[in-house]
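Notes follow the structure.
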Number of protein chains: 2
Amino acid sequence: MAPRRGSLLTSRPVKRTFPTAQDAETAFYDALEKGDLEAMMEVWAEDEEVVCVHPGGPRLAGYEQVRESWARIFQSGQRLKVHLSHHAVLSGMMLAVHSLHENITVGGESKPRPPVVTTNVYSRTATGWRMLAHHASPAPQAPARPAGDGPKVLH
Amino acid sequence: MAPRRGSLLTSRPVKRTFPTAQDAETAFYDALEKGDLEAMMEVWAEDEEVVCVHPGGPRLAGYEQVRESWARIFQSGQRLKVHLSHHAVLSGMMLAVHSLHENITVGGESKPRPPVVTTNVYSRTATGWRMLAHHASPAPQAPARPAGDGPKVLH
């Protein structure tokens with residue numbers, strides 16, 4: 001491994017770069033499974049307006065607020081196994097939107113928890129692909145059906 | 001207003017174009033308030049992988065599935081008034097991510113329903129800015145707080 005050197009702007013070591021949005025996504029879920037905060041935050045763009053919504057949680061905005069939330073989550077030491085499904089991928093030269101289901105099994109449990117529907121947004125930056133937004137919310141329990149047949153929602 | 005002409009590719013009239021992502025967003029919520037399906041679908045990119053998650057609903061993928069869901073929602077004839085708050089905006093040359101709260105008052109009701117946290121993703125296309133993704137989910141009732149203090153979530 002090449003020696004890591006300090007950035008001129010911050011005291012943090014140079015971050016890994018991700019040649020594709022899929023590389024960034026793989027690193028994101030790898031960091032989530034390992035509970036590795038530094039690896040998780042390498043995936044995110046260092047921007048004051050990155051946004052993160054954990055399932056049922058408030059909207060978090062900005063790199064520092066997002067980092068703090070992952071630090072709290074990883075503090076529990078709970079190990080997670082993440083199986084992804086239901087991929088729908090939109091990709092362009094500069095951006096990628098990955099929609100998917102996260103099926104998460106908590107360490108010590110035999111079955112995955114109810115699925116989480118997730119939208120991940122990535123952008124190609126000067127330093128490779130980075131995550132701009134992660135919005136996760138509980139998926140409905142029933143199989144996918146046309147909107148309007150299920151519980152009444154505003155839209 | 002200039003005469004509208006048929007597209008060479010579809011029998012639909014030429015769509016409005018939106019010079020900025022904010023113009024597309026304004027048109028989106030205007031169409032939502034008016035229950036105007038054609039105006040709503042002008043905002044969306046015609047792509048097989050556009051994605052839409054209504055609050056508590058399944059992930060919908062593709063222009064036709066998204067159109068069908070809005071058609072069902074607008075069929076009710078329910079009029080909505082939408083007040084937006086909590087904006088966080090990320091914008092680049094080719095993409096924009098708008099995070100916000102939708103505070104929706106249903107016609108005949110005096111108070112807004114509980115807020116919805118929303119991520120809207122737009123891209124600059126050959127025909128102006130279009131929506132690629134809309135992910136809406138119920139916002140927590142309590143004021144925003146660091147993740148981990150609230151109900152236990154996986155991440």
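Residue numbering restarts at 1 in every chain; chains get A, B, ... in the order shown in the structure tokens, and ligands count up from 1 in that same order.
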
As a short mmCIF file (atom, residue, chain, number, x, y, z; two decimals) with N, CA and C atoms, in the first residue's frame, please: chain B after a least-squares superposition onto chain A using all C-alpha atoms matched in order.
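Resulting contents of selection_13.cif:
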```cif
data_model
loop_
_atom_site.label_atom_id
_atom_site.label_comp_id
_atom_site.auth_asym_id
_atom_site.auth_seq_id
_atom_site.Cartn_x
_atom_site.Cartn_y
_atom_site.Cartn_z
N MET B 1 0.52 -1.19 -0.36
CA MET B 1 -0.28 0.03 -0.29
C MET B 1 0.64 1.25 -0.26
N ALA B 2 0.32 2.23 -1.07
CA ALA B 2 1.13 3.45 -1.12
C ALA B 2 1.04 4.19 0.22
N PRO B 3 2.10 4.87 0.59
CA PRO B 3 2.04 5.63 1.85
C PRO B 3 0.98 6.72 1.76
N ARG B 4 0.29 6.96 2.86
CA ARG B 4 -0.75 7.99 2.86
C ARG B 4 -0.12 9.28 3.33
N ARG B 5 -0.48 10.36 2.67
CA ARG B 5 0.10 11.63 3.06
C ARG B 5 -1.00 12.60 3.50
N GLY B 6 -0.61 13.55 4.30
CA GLY B 6 -1.58 14.52 4.81
C GLY B 6 -2.06 15.44 3.71
N SER B 7 -3.32 15.83 3.79
CA SER B 7 -3.85 16.79 2.84
C SER B 7 -3.37 18.19 3.23
N LEU B 8 -3.31 19.07 2.26
CA LEU B 8 -2.90 20.45 2.55
C LEU B 8 -4.02 21.20 3.26
N LEU B 9 -5.25 20.74 3.06
CA LEU B 9 -6.38 21.50 3.59
C LEU B 9 -6.83 21.01 4.96
N THR B 10 -6.64 19.74 5.21
CA THR B 10 -7.07 19.21 6.51
C THR B 10 -5.95 18.32 7.03
N SER B 11 -6.07 17.94 8.26
CA SER B 11 -5.05 17.07 8.84
C SER B 11 -5.36 15.60 8.57
N ARG B 12 -6.49 15.36 7.88
CA ARG B 12 -6.85 13.97 7.60
C ARG B 12 -5.96 13.40 6.51
N PRO B 13 -5.72 12.10 6.56
CA PRO B 13 -4.99 11.49 5.46
C PRO B 13 -5.78 11.56 4.17
N VAL B 14 -5.09 11.40 3.05
CA VAL B 14 -5.76 11.44 1.75
C VAL B 14 -6.79 10.30 1.69
N LYS B 15 -7.95 10.64 1.16
CA LYS B 15 -9.02 9.65 1.08
C LYS B 15 -8.83 8.72 -0.10
N ARG B 16 -9.42 7.53 0.01
CA ARG B 16 -9.51 6.66 -1.16
C ARG B 16 -10.33 7.35 -2.24
N THR B 17 -10.07 7.04 -3.47
CA THR B 17 -10.94 7.55 -4.53
C THR B 17 -11.69 6.37 -5.14
N PHE B 18 -12.87 6.65 -5.65
CA PHE B 18 -13.72 5.61 -6.22
C PHE B 18 -13.93 5.91 -7.69
N PRO B 19 -13.43 5.03 -8.56
CA PRO B 19 -13.50 5.28 -10.01
C PRO B 19 -14.92 5.26 -10.57
N THR B 20 -15.84 4.57 -9.88
CA THR B 20 -17.23 4.53 -10.35
C THR B 20 -18.16 4.72 -9.15
N ALA B 21 -19.42 5.06 -9.47
CA ALA B 21 -20.41 5.18 -8.40
C ALA B 21 -20.61 3.83 -7.71
N GLN B 22 -20.52 2.76 -8.49
CA GLN B 22 -20.69 1.43 -7.90
C GLN B 22 -19.57 1.12 -6.90
N ASP B 23 -18.37 1.58 -7.21
CA ASP B 23 -17.26 1.40 -6.26
C ASP B 23 -17.56 2.14 -4.95
N ALA B 24 -18.10 3.34 -5.08
CA ALA B 24 -18.45 4.11 -3.87
C ALA B 24 -19.54 3.38 -3.09
N GLU B 25 -20.50 2.83 -3.81
CA GLU B 25 -21.60 2.13 -3.12
C GLU B 25 -21.10 0.87 -2.42
N THR B 26 -20.23 0.15 -3.09
CA THR B 26 -19.66 -1.06 -2.46
C THR B 26 -18.92 -0.68 -1.17
N ALA B 27 -18.17 0.42 -1.23
CA ALA B 27 -17.43 0.87 -0.04
C ALA B 27 -18.38 1.32 1.07
N PHE B 28 -19.49 1.93 0.68
CA PHE B 28 -20.49 2.40 1.66
C PHE B 28 -21.03 1.22 2.46
N TYR B 29 -21.48 0.18 1.75
CA TYR B 29 -22.09 -0.95 2.47
C TYR B 29 -21.04 -1.81 3.19
N ASP B 30 -19.84 -1.82 2.67
CA ASP B 30 -18.74 -2.50 3.35
C ASP B 30 -18.46 -1.80 4.69
N ALA B 31 -18.42 -0.48 4.64
CA ALA B 31 -18.18 0.29 5.88
C ALA B 31 -19.34 0.11 6.87
N LEU B 32 -20.56 0.04 6.34
CA LEU B 32 -21.74 -0.16 7.20
C LEU B 32 -21.65 -1.52 7.90
N GLU B 33 -21.28 -2.55 7.15
CA GLU B 33 -21.16 -3.88 7.75
C GLU B 33 -20.05 -3.94 8.80
N LYS B 34 -18.97 -3.25 8.51
CA LYS B 34 -17.82 -3.28 9.43
C LYS B 34 -17.93 -2.28 10.57
N GLY B 35 -18.88 -1.35 10.45
CA GLY B 35 -18.97 -0.30 11.48
C GLY B 35 -17.74 0.58 11.47
N ASP B 36 -17.20 0.82 10.29
CA ASP B 36 -15.93 1.56 10.15
C ASP B 36 -16.23 3.01 9.77
N LEU B 37 -16.13 3.89 10.75
CA LEU B 37 -16.51 5.29 10.54
C LEU B 37 -15.64 5.99 9.51
N GLU B 38 -14.33 5.77 9.59
CA GLU B 38 -13.44 6.47 8.65
C GLU B 38 -13.70 6.01 7.22
N ALA B 39 -13.90 4.71 7.05
CA ALA B 39 -14.19 4.18 5.72
C ALA B 39 -15.54 4.72 5.22
N MET B 40 -16.51 4.80 6.11
CA MET B 40 -17.83 5.34 5.74
C MET B 40 -17.70 6.78 5.25
N MET B 41 -16.93 7.58 6.00
CA MET B 41 -16.88 9.00 5.65
C MET B 41 -16.00 9.28 4.44
N GLU B 42 -15.18 8.31 4.05
CA GLU B 42 -14.44 8.45 2.79
C GLU B 42 -15.39 8.46 1.59
N VAL B 43 -16.52 7.80 1.76
CA VAL B 43 -17.46 7.69 0.64
C VAL B 43 -18.18 9.02 0.39
N TRP B 44 -18.42 9.78 1.45
CA TRP B 44 -19.23 11.01 1.33
C TRP B 44 -18.44 12.17 0.76
N ALA B 45 -19.12 12.99 -0.04
CA ALA B 45 -18.54 14.26 -0.50
C ALA B 45 -18.42 15.18 0.70
N GLU B 46 -17.33 15.91 0.77
CA GLU B 46 -17.17 16.87 1.87
C GLU B 46 -17.88 18.15 1.49
N ASP B 47 -19.15 18.19 1.73
CA ASP B 47 -19.95 19.33 1.30
C ASP B 47 -20.90 19.69 2.43
N GLU B 48 -21.14 20.97 2.56
CA GLU B 48 -22.02 21.42 3.64
C GLU B 48 -23.46 21.02 3.40
N GLU B 49 -23.77 20.57 2.21
CA GLU B 49 -25.17 20.27 1.92
C GLU B 49 -25.43 18.80 1.60
N VAL B 50 -24.48 17.90 1.89
CA VAL B 50 -24.81 16.48 1.74
C VAL B 50 -25.96 16.18 2.70
N VAL B 51 -26.82 15.25 2.30
CA VAL B 51 -27.98 14.95 3.14
C VAL B 51 -28.10 13.46 3.40
N CYS B 52 -28.60 13.14 4.59
CA CYS B 52 -28.74 11.75 5.01
C CYS B 52 -30.01 11.61 5.85
N VAL B 53 -30.84 10.66 5.47
CA VAL B 53 -32.03 10.33 6.25
C VAL B 53 -31.94 8.86 6.61
N HIS B 54 -31.73 8.57 7.89
CA HIS B 54 -31.78 7.18 8.36
C HIS B 54 -33.25 6.80 8.52
N PRO B 55 -33.58 5.49 8.46
CA PRO B 55 -34.99 5.09 8.49
C PRO B 55 -35.73 5.67 9.72
N GLY B 56 -36.77 6.44 9.46
CA GLY B 56 -37.57 7.02 10.54
C GLY B 56 -36.90 8.20 11.23
N GLY B 57 -35.73 8.58 10.77
CA GLY B 57 -34.98 9.64 11.45
C GLY B 57 -35.15 10.99 10.80
N PRO B 58 -34.59 12.03 11.42
CA PRO B 58 -34.68 13.37 10.87
C PRO B 58 -33.72 13.53 9.69
N ARG B 59 -33.93 14.55 8.89
CA ARG B 59 -33.03 14.84 7.79
C ARG B 59 -31.77 15.49 8.37
N LEU B 60 -30.64 14.91 8.07
CA LEU B 60 -29.36 15.45 8.52
C LEU B 60 -28.72 16.14 7.33
N ALA B 61 -28.07 17.27 7.56
CA ALA B 61 -27.44 18.01 6.45
C ALA B 61 -26.03 18.41 6.83
N GLY B 62 -25.13 18.22 5.89
CA GLY B 62 -23.74 18.64 6.11
C GLY B 62 -22.88 17.46 6.55
N TYR B 63 -21.64 17.50 6.09
CA TYR B 63 -20.69 16.41 6.34
C TYR B 63 -20.54 16.10 7.84
N GLU B 64 -20.43 17.15 8.65
CA GLU B 64 -20.18 16.92 10.07
C GLU B 64 -21.38 16.28 10.77
N GLN B 65 -22.58 16.73 10.43
CA GLN B 65 -23.79 16.16 11.04
C GLN B 65 -23.97 14.70 10.60
N VAL B 66 -23.64 14.44 9.35
CA VAL B 66 -23.75 13.07 8.84
C VAL B 66 -22.72 12.18 9.54
N ARG B 67 -21.50 12.68 9.68
CA ARG B 67 -20.45 11.91 10.35
C ARG B 67 -20.84 11.58 11.80
N GLU B 68 -21.39 12.58 12.47
CA GLU B 68 -21.79 12.39 13.87
C GLU B 68 -22.85 11.29 13.99
N SER B 69 -23.77 11.26 13.02
CA SER B 69 -24.83 10.25 13.09
C SER B 69 -24.27 8.85 12.91
N TRP B 70 -23.34 8.70 11.98
CA TRP B 70 -22.74 7.37 11.77
C TRP B 70 -21.89 6.98 12.97
N ALA B 71 -21.22 7.96 13.58
CA ALA B 71 -20.41 7.66 14.78
C ALA B 71 -21.31 7.09 15.87
N ARG B 72 -22.48 7.70 16.08
CA ARG B 72 -23.40 7.21 17.11
C ARG B 72 -23.90 5.81 16.78
N ILE B 73 -24.23 5.60 15.50
CA ILE B 73 -24.75 4.28 15.08
C ILE B 73 -23.67 3.21 15.29
N PHE B 74 -22.45 3.52 14.93
CA PHE B 74 -21.39 2.52 15.01
C PHE B 74 -20.92 2.29 16.46
N GLN B 75 -21.20 3.27 17.34
CA GLN B 75 -20.80 3.12 18.74
C GLN B 75 -21.41 1.89 19.39
N SER B 76 -22.58 1.48 18.90
CA SER B 76 -23.26 0.34 19.54
C SER B 76 -22.45 -0.95 19.38
N GLY B 77 -21.59 -0.98 18.39
CA GLY B 77 -20.79 -2.19 18.17
C GLY B 77 -21.58 -3.32 17.53
N GLN B 78 -22.87 -3.05 17.22
CA GLN B 78 -23.73 -4.06 16.59
C GLN B 78 -23.21 -4.39 15.19
N ARG B 79 -23.04 -5.67 14.90
CA ARG B 79 -22.58 -6.05 13.56
C ARG B 79 -23.78 -6.32 12.67
N LEU B 80 -23.70 -5.83 11.47
CA LEU B 80 -24.81 -5.96 10.52
C LEU B 80 -24.35 -6.69 9.27
N LYS B 81 -25.24 -7.47 8.71
CA LYS B 81 -25.00 -8.09 7.40
C LYS B 81 -26.04 -7.50 6.46
N VAL B 82 -25.60 -6.94 5.35
CA VAL B 82 -26.52 -6.24 4.46
C VAL B 82 -26.63 -6.98 3.13
N HIS B 83 -27.84 -7.37 2.79
CA HIS B 83 -28.10 -7.94 1.47
C HIS B 83 -28.92 -6.92 0.68
N LEU B 84 -28.42 -6.56 -0.51
CA LEU B 84 -29.11 -5.55 -1.32
C LEU B 84 -29.96 -6.23 -2.40
N SER B 85 -31.11 -5.64 -2.68
CA SER B 85 -31.98 -6.18 -3.75
C SER B 85 -32.74 -5.02 -4.39
N HIS B 86 -33.58 -5.35 -5.37
CA HIS B 86 -34.45 -4.37 -6.03
C HIS B 86 -33.69 -3.17 -6.61
N HIS B 87 -32.56 -3.44 -7.24
CA HIS B 87 -31.78 -2.34 -7.79
C HIS B 87 -32.47 -1.67 -8.98
N ALA B 88 -32.45 -0.35 -8.98
CA ALA B 88 -32.77 0.43 -10.18
C ALA B 88 -31.69 1.50 -10.24
N VAL B 89 -31.00 1.55 -11.34
CA VAL B 89 -29.81 2.41 -11.43
C VAL B 89 -29.96 3.40 -12.58
N LEU B 90 -29.76 4.65 -12.26
CA LEU B 90 -29.73 5.72 -13.27
C LEU B 90 -28.31 6.25 -13.27
N SER B 91 -27.64 6.22 -14.41
CA SER B 91 -26.28 6.75 -14.36
C SER B 91 -25.97 7.64 -15.54
N GLY B 92 -25.27 8.70 -15.25
CA GLY B 92 -24.84 9.65 -16.26
C GLY B 92 -23.35 9.89 -16.12
N MET B 93 -22.87 10.84 -16.89
CA MET B 93 -21.44 11.15 -16.84
C MET B 93 -21.03 11.68 -15.47
N MET B 94 -21.91 12.47 -14.87
CA MET B 94 -21.54 13.18 -13.64
C MET B 94 -22.33 12.76 -12.42
N LEU B 95 -23.40 12.00 -12.63
CA LEU B 95 -24.21 11.62 -11.47
C LEU B 95 -24.78 10.23 -11.61
N ALA B 96 -25.10 9.64 -10.50
CA ALA B 96 -25.73 8.32 -10.49
C ALA B 96 -26.74 8.29 -9.36
N VAL B 97 -27.89 7.72 -9.65
CA VAL B 97 -28.91 7.51 -8.63
C VAL B 97 -29.13 6.01 -8.53
N HIS B 98 -28.87 5.46 -7.34
CA HIS B 98 -29.07 4.03 -7.11
C HIS B 98 -30.24 3.86 -6.14
N SER B 99 -31.27 3.18 -6.62
CA SER B 99 -32.41 2.88 -5.77
C SER B 99 -32.35 1.39 -5.46
N LEU B 100 -32.61 1.03 -4.23
CA LEU B 100 -32.47 -0.39 -3.85
C LEU B 100 -33.16 -0.65 -2.52
N HIS B 101 -33.27 -1.93 -2.20
CA HIS B 101 -33.72 -2.33 -0.87
C HIS B 101 -32.52 -2.83 -0.08
N GLU B 102 -32.42 -2.39 1.16
CA GLU B 102 -31.43 -2.94 2.09
C GLU B 102 -32.15 -3.98 2.95
N ASN B 103 -31.62 -5.19 2.96
CA ASN B 103 -32.16 -6.25 3.80
C ASN B 103 -31.08 -6.56 4.84
N ILE B 104 -31.31 -6.08 6.05
CA ILE B 104 -30.25 -6.07 7.07
C ILE B 104 -30.51 -7.13 8.14
N THR B 105 -29.50 -7.97 8.32
CA THR B 105 -29.57 -8.96 9.40
C THR B 105 -28.62 -8.51 10.51
N VAL B 106 -29.17 -8.39 11.72
CA VAL B 106 -28.37 -7.96 12.87
C VAL B 106 -27.65 -9.18 13.43
N GLY B 107 -26.38 -8.99 13.80
CA GLY B 107 -25.56 -10.07 14.34
C GLY B 107 -26.28 -10.82 15.44
N GLY B 108 -26.35 -12.16 15.34
CA GLY B 108 -27.01 -12.96 16.36
C GLY B 108 -28.46 -13.28 16.02
N GLU B 109 -28.99 -12.62 15.01
CA GLU B 109 -30.38 -12.89 14.60
C GLU B 109 -30.37 -13.77 13.35
N SER B 110 -31.42 -14.57 13.19
CA SER B 110 -31.40 -15.52 12.08
C SER B 110 -32.07 -14.98 10.82
N LYS B 111 -32.94 -14.00 10.99
CA LYS B 111 -33.67 -13.46 9.82
C LYS B 111 -33.39 -11.99 9.65
N PRO B 112 -33.46 -11.52 8.38
CA PRO B 112 -33.28 -10.07 8.19
C PRO B 112 -34.45 -9.27 8.76
N ARG B 113 -34.17 -8.06 9.17
CA ARG B 113 -35.22 -7.11 9.58
C ARG B 113 -36.03 -6.73 8.34
N PRO B 114 -37.20 -6.09 8.54
CA PRO B 114 -37.99 -5.65 7.38
C PRO B 114 -37.15 -4.77 6.46
N PRO B 115 -37.39 -4.87 5.16
CA PRO B 115 -36.54 -4.14 4.21
C PRO B 115 -36.65 -2.62 4.31
N VAL B 116 -35.59 -1.99 3.91
CA VAL B 116 -35.50 -0.53 3.90
C VAL B 116 -35.35 -0.10 2.44
N VAL B 117 -36.18 0.83 2.00
CA VAL B 117 -36.07 1.33 0.63
C VAL B 117 -35.15 2.56 0.66
N THR B 118 -34.20 2.55 -0.26
CA THR B 118 -33.10 3.52 -0.19
C THR B 118 -32.82 4.17 -1.53
N THR B 119 -32.57 5.47 -1.47
CA THR B 119 -32.10 6.21 -2.64
C THR B 119 -30.71 6.74 -2.31
N ASN B 120 -29.73 6.32 -3.07
CA ASN B 120 -28.35 6.80 -2.92
C ASN B 120 -27.99 7.65 -4.14
N VAL B 121 -27.48 8.84 -3.89
CA VAL B 121 -27.10 9.73 -4.99
C VAL B 121 -25.59 9.97 -4.94
N TYR B 122 -24.94 9.78 -6.08
CA TYR B 122 -23.50 9.95 -6.18
C TYR B 122 -23.18 10.97 -7.28
N SER B 123 -22.05 11.63 -7.10
CA SER B 123 -21.60 12.59 -8.12
C SER B 123 -20.13 12.34 -8.40
N ARG B 124 -19.74 12.59 -9.64
CA ARG B 124 -18.32 12.51 -9.99
C ARG B 124 -17.67 13.83 -9.61
N THR B 125 -16.72 13.77 -8.72
CA THR B 125 -16.05 14.99 -8.25
C THR B 125 -14.61 14.97 -8.77
N ALA B 126 -13.87 16.00 -8.41
CA ALA B 126 -12.46 16.07 -8.80
C ALA B 126 -11.67 14.90 -8.20
N THR B 127 -12.20 14.32 -7.15
CA THR B 127 -11.51 13.19 -6.51
C THR B 127 -12.36 11.92 -6.58
N GLY B 128 -12.90 11.67 -7.77
CA GLY B 128 -13.66 10.43 -7.95
C GLY B 128 -15.11 10.57 -7.51
N TRP B 129 -15.81 9.46 -7.50
CA TRP B 129 -17.24 9.46 -7.17
C TRP B 129 -17.43 9.52 -5.66
N ARG B 130 -18.38 10.35 -5.24
CA ARG B 130 -18.68 10.50 -3.82
C ARG B 130 -20.20 10.51 -3.62
N MET B 131 -20.62 10.14 -2.43
CA MET B 131 -22.04 10.15 -2.09
C MET B 131 -22.49 11.57 -1.72
N LEU B 132 -23.61 11.99 -2.31
CA LEU B 132 -24.20 13.29 -1.98
C LEU B 132 -25.41 13.13 -1.06
N ALA B 133 -26.13 12.04 -1.25
CA ALA B 133 -27.37 11.86 -0.48
C ALA B 133 -27.66 10.39 -0.25
N HIS B 134 -28.18 10.11 0.92
CA HIS B 134 -28.63 8.75 1.29
C HIS B 134 -29.96 8.95 2.00
N HIS B 135 -31.02 8.45 1.39
CA HIS B 135 -32.36 8.57 1.99
C HIS B 135 -32.91 7.16 2.14
N ALA B 136 -33.08 6.74 3.38
CA ALA B 136 -33.56 5.38 3.68
C ALA B 136 -34.84 5.47 4.49
N SER B 137 -35.83 4.65 4.13
CA SER B 137 -37.08 4.64 4.89
C SER B 137 -37.67 3.24 4.84
N PRO B 138 -38.49 2.89 5.86
CA PRO B 138 -39.04 1.53 5.88
C PRO B 138 -39.84 1.23 4.61
N ALA B 139 -39.59 0.09 4.00
CA ALA B 139 -40.37 -0.33 2.83
C ALA B 139 -41.67 -0.95 3.33
N PRO B 140 -42.74 -0.86 2.53
CA PRO B 140 -43.98 -1.51 2.96
C PRO B 140 -43.77 -3.02 3.02
N GLN B 141 -44.51 -3.67 3.91
CA GLN B 141 -44.32 -5.10 4.11
C GLN B 141 -44.86 -5.93 2.95
N ALA B 142 -45.96 -5.46 2.37
CA ALA B 142 -46.58 -6.23 1.29
C ALA B 142 -45.73 -6.12 0.03
N PRO B 143 -45.93 -7.04 -0.92
CA PRO B 143 -45.22 -6.91 -2.20
C PRO B 143 -45.57 -5.59 -2.87
N ALA B 144 -44.67 -5.11 -3.71
CA ALA B 144 -44.90 -3.84 -4.40
C ALA B 144 -46.24 -3.88 -5.13
N ARG B 145 -46.95 -2.79 -5.05
CA ARG B 145 -48.27 -2.69 -5.68
C ARG B 145 -48.44 -1.24 -6.11
N PRO B 146 -49.35 -0.99 -7.02
CA PRO B 146 -49.55 0.40 -7.43
C PRO B 146 -49.98 1.25 -6.24
N ALA B 147 -49.46 2.48 -6.17
CA ALA B 147 -49.85 3.39 -5.09
C ALA B 147 -51.35 3.59 -5.13
N GLY B 148 -51.95 3.70 -3.99
CA GLY B 148 -53.38 3.94 -3.94
C GLY B 148 -54.14 2.71 -3.48
N ASP B 149 -53.54 1.53 -3.66
CA ASP B 149 -54.19 0.32 -3.18
C ASP B 149 -53.86 0.07 -1.72
N GLY B 150 -52.79 0.69 -1.25
CA GLY B 150 -52.32 0.41 0.10
C GLY B 150 -52.88 1.40 1.10
N PRO B 151 -52.16 1.59 2.19
CA PRO B 151 -52.60 2.56 3.18
C PRO B 151 -52.72 3.93 2.53
N LYS B 152 -53.67 4.70 2.98
CA LYS B 152 -53.92 6.03 2.42
C LYS B 152 -52.72 6.93 2.67
N VAL B 153 -52.17 7.45 1.61
CA VAL B 153 -51.08 8.41 1.77
C VAL B 153 -51.44 9.67 1.01
N LEU B 154 -50.80 10.75 1.40
CA LEU B 154 -51.11 12.04 0.77
C LEU B 154 -50.67 12.05 -0.67
N HIS B 155 -49.50 11.53 -0.92
CA HIS B 155 -49.04 11.39 -2.30
C HIS B 155 -47.95 10.36 -2.29
#
```

- request: If you run DSSP over the backbone, which residues in region 73-113 of chain A end up strand (DSSP E)? Put them as a PyMOL selection string.
  value: chain A and resi 80-91+95-106

task: Just list the residues in region 5-148 of chain A DSSP gives helix (DSSP H, G or I) on the backbone, as a ChimeraX atom specification.
output: /A:21-34,37-43,63-75

Kindly export the residues of the current selection with C-alpha atoms, as a PDB file, in the first residue's frame.
```
ATOM      1  CA  ALA A  21     -20.416   5.175  -8.411  1.00  0.00           C
ATOM      2  CA  GLN A  22     -20.695   1.423  -7.903  1.00  0.00           C
ATOM      3  CA  ASP A  23     -17.258   1.393  -6.265  1.00  0.00           C
ATOM      4  CA  ALA A  24     -18.458   4.111  -3.885  1.00  0.00           C
ATOM      5  CA  GLU A  25     -21.606   2.133  -3.135  1.00  0.00           C
ATOM      6  CA  THR A  26     -19.662  -1.070  -2.474  1.00  0.00           C
ATOM      7  CA  ALA A  27     -17.430   0.863  -0.058  1.00  0.00           C
ATOM      8  CA  PHE A  28     -20.486   2.403   1.636  1.00  0.00           C
ATOM      9  CA  TYR A  29     -22.092  -0.960   2.460  1.00  0.00           C
ATOM     10  CA  ASP A  30     -18.754  -2.503   3.335  1.00  0.00           C
ATOM     11  CA  ALA A  31     -18.180   0.291   5.872  1.00  0.00           C
ATOM     12  CA  LEU A  32     -21.742  -0.166   7.189  1.00  0.00           C
ATOM     13  CA  GLU A  33     -21.175  -3.888   7.727  1.00  0.00           C
ATOM     14  CA  LYS A  34     -17.822  -3.300   9.405  1.00  0.00           C
ATOM     15  CA  LEU A  37     -16.512   5.284  10.519  1.00  0.00           C
ATOM     16  CA  GLU A  38     -13.419   6.458   8.631  1.00  0.00           C
ATOM     17  CA  ALA A  39     -14.183   4.162   5.702  1.00  0.00           C
ATOM     18  CA  MET A  40     -17.826   5.332   5.714  1.00  0.00           C
ATOM     19  CA  MET A  41     -16.880   8.992   5.640  1.00  0.00           C
ATOM     20  CA  GLU A  42     -14.437   8.453   2.778  1.00  0.00           C
ATOM     21  CA  VAL A  43     -17.461   7.691   0.618  1.00  0.00           C
ATOM     22  CA  TYR A  63     -20.672  16.402   6.337  1.00  0.00           C
ATOM     23  CA  GLU A  64     -20.164  16.911  10.070  1.00  0.00           C
ATOM     24  CA  GLN A  65     -23.773  16.156  11.037  1.00  0.00           C
ATOM     25  CA  VAL A  66     -23.739  13.059   8.836  1.00  0.00           C
ATOM     26  CA  ARG A  67     -20.429  11.909  10.342  1.00  0.00           C
ATOM     27  CA  GLU A  68     -21.776  12.384  13.864  1.00  0.00           C
ATOM     28  CA  SER A  69     -24.815  10.238  13.088  1.00  0.00           C
ATOM     29  CA  TRP A  70     -22.727   7.353  11.760  1.00  0.00           C
ATOM     30  CA  ALA A  71     -20.401   7.640  14.761  1.00  0.00           C
ATOM     31  CA  ARG A  72     -23.383   7.194  17.097  1.00  0.00           C
ATOM     32  CA  ILE A  73     -24.730   4.280  15.082  1.00  0.00           C
ATOM     33  CA  PHE A  74     -21.374   2.507  15.010  1.00  0.00           C
ATOM     34  CA  GLN A  75     -20.777   3.112  18.734  1.00  0.00           C
TER      35      GLN A  75
END
```
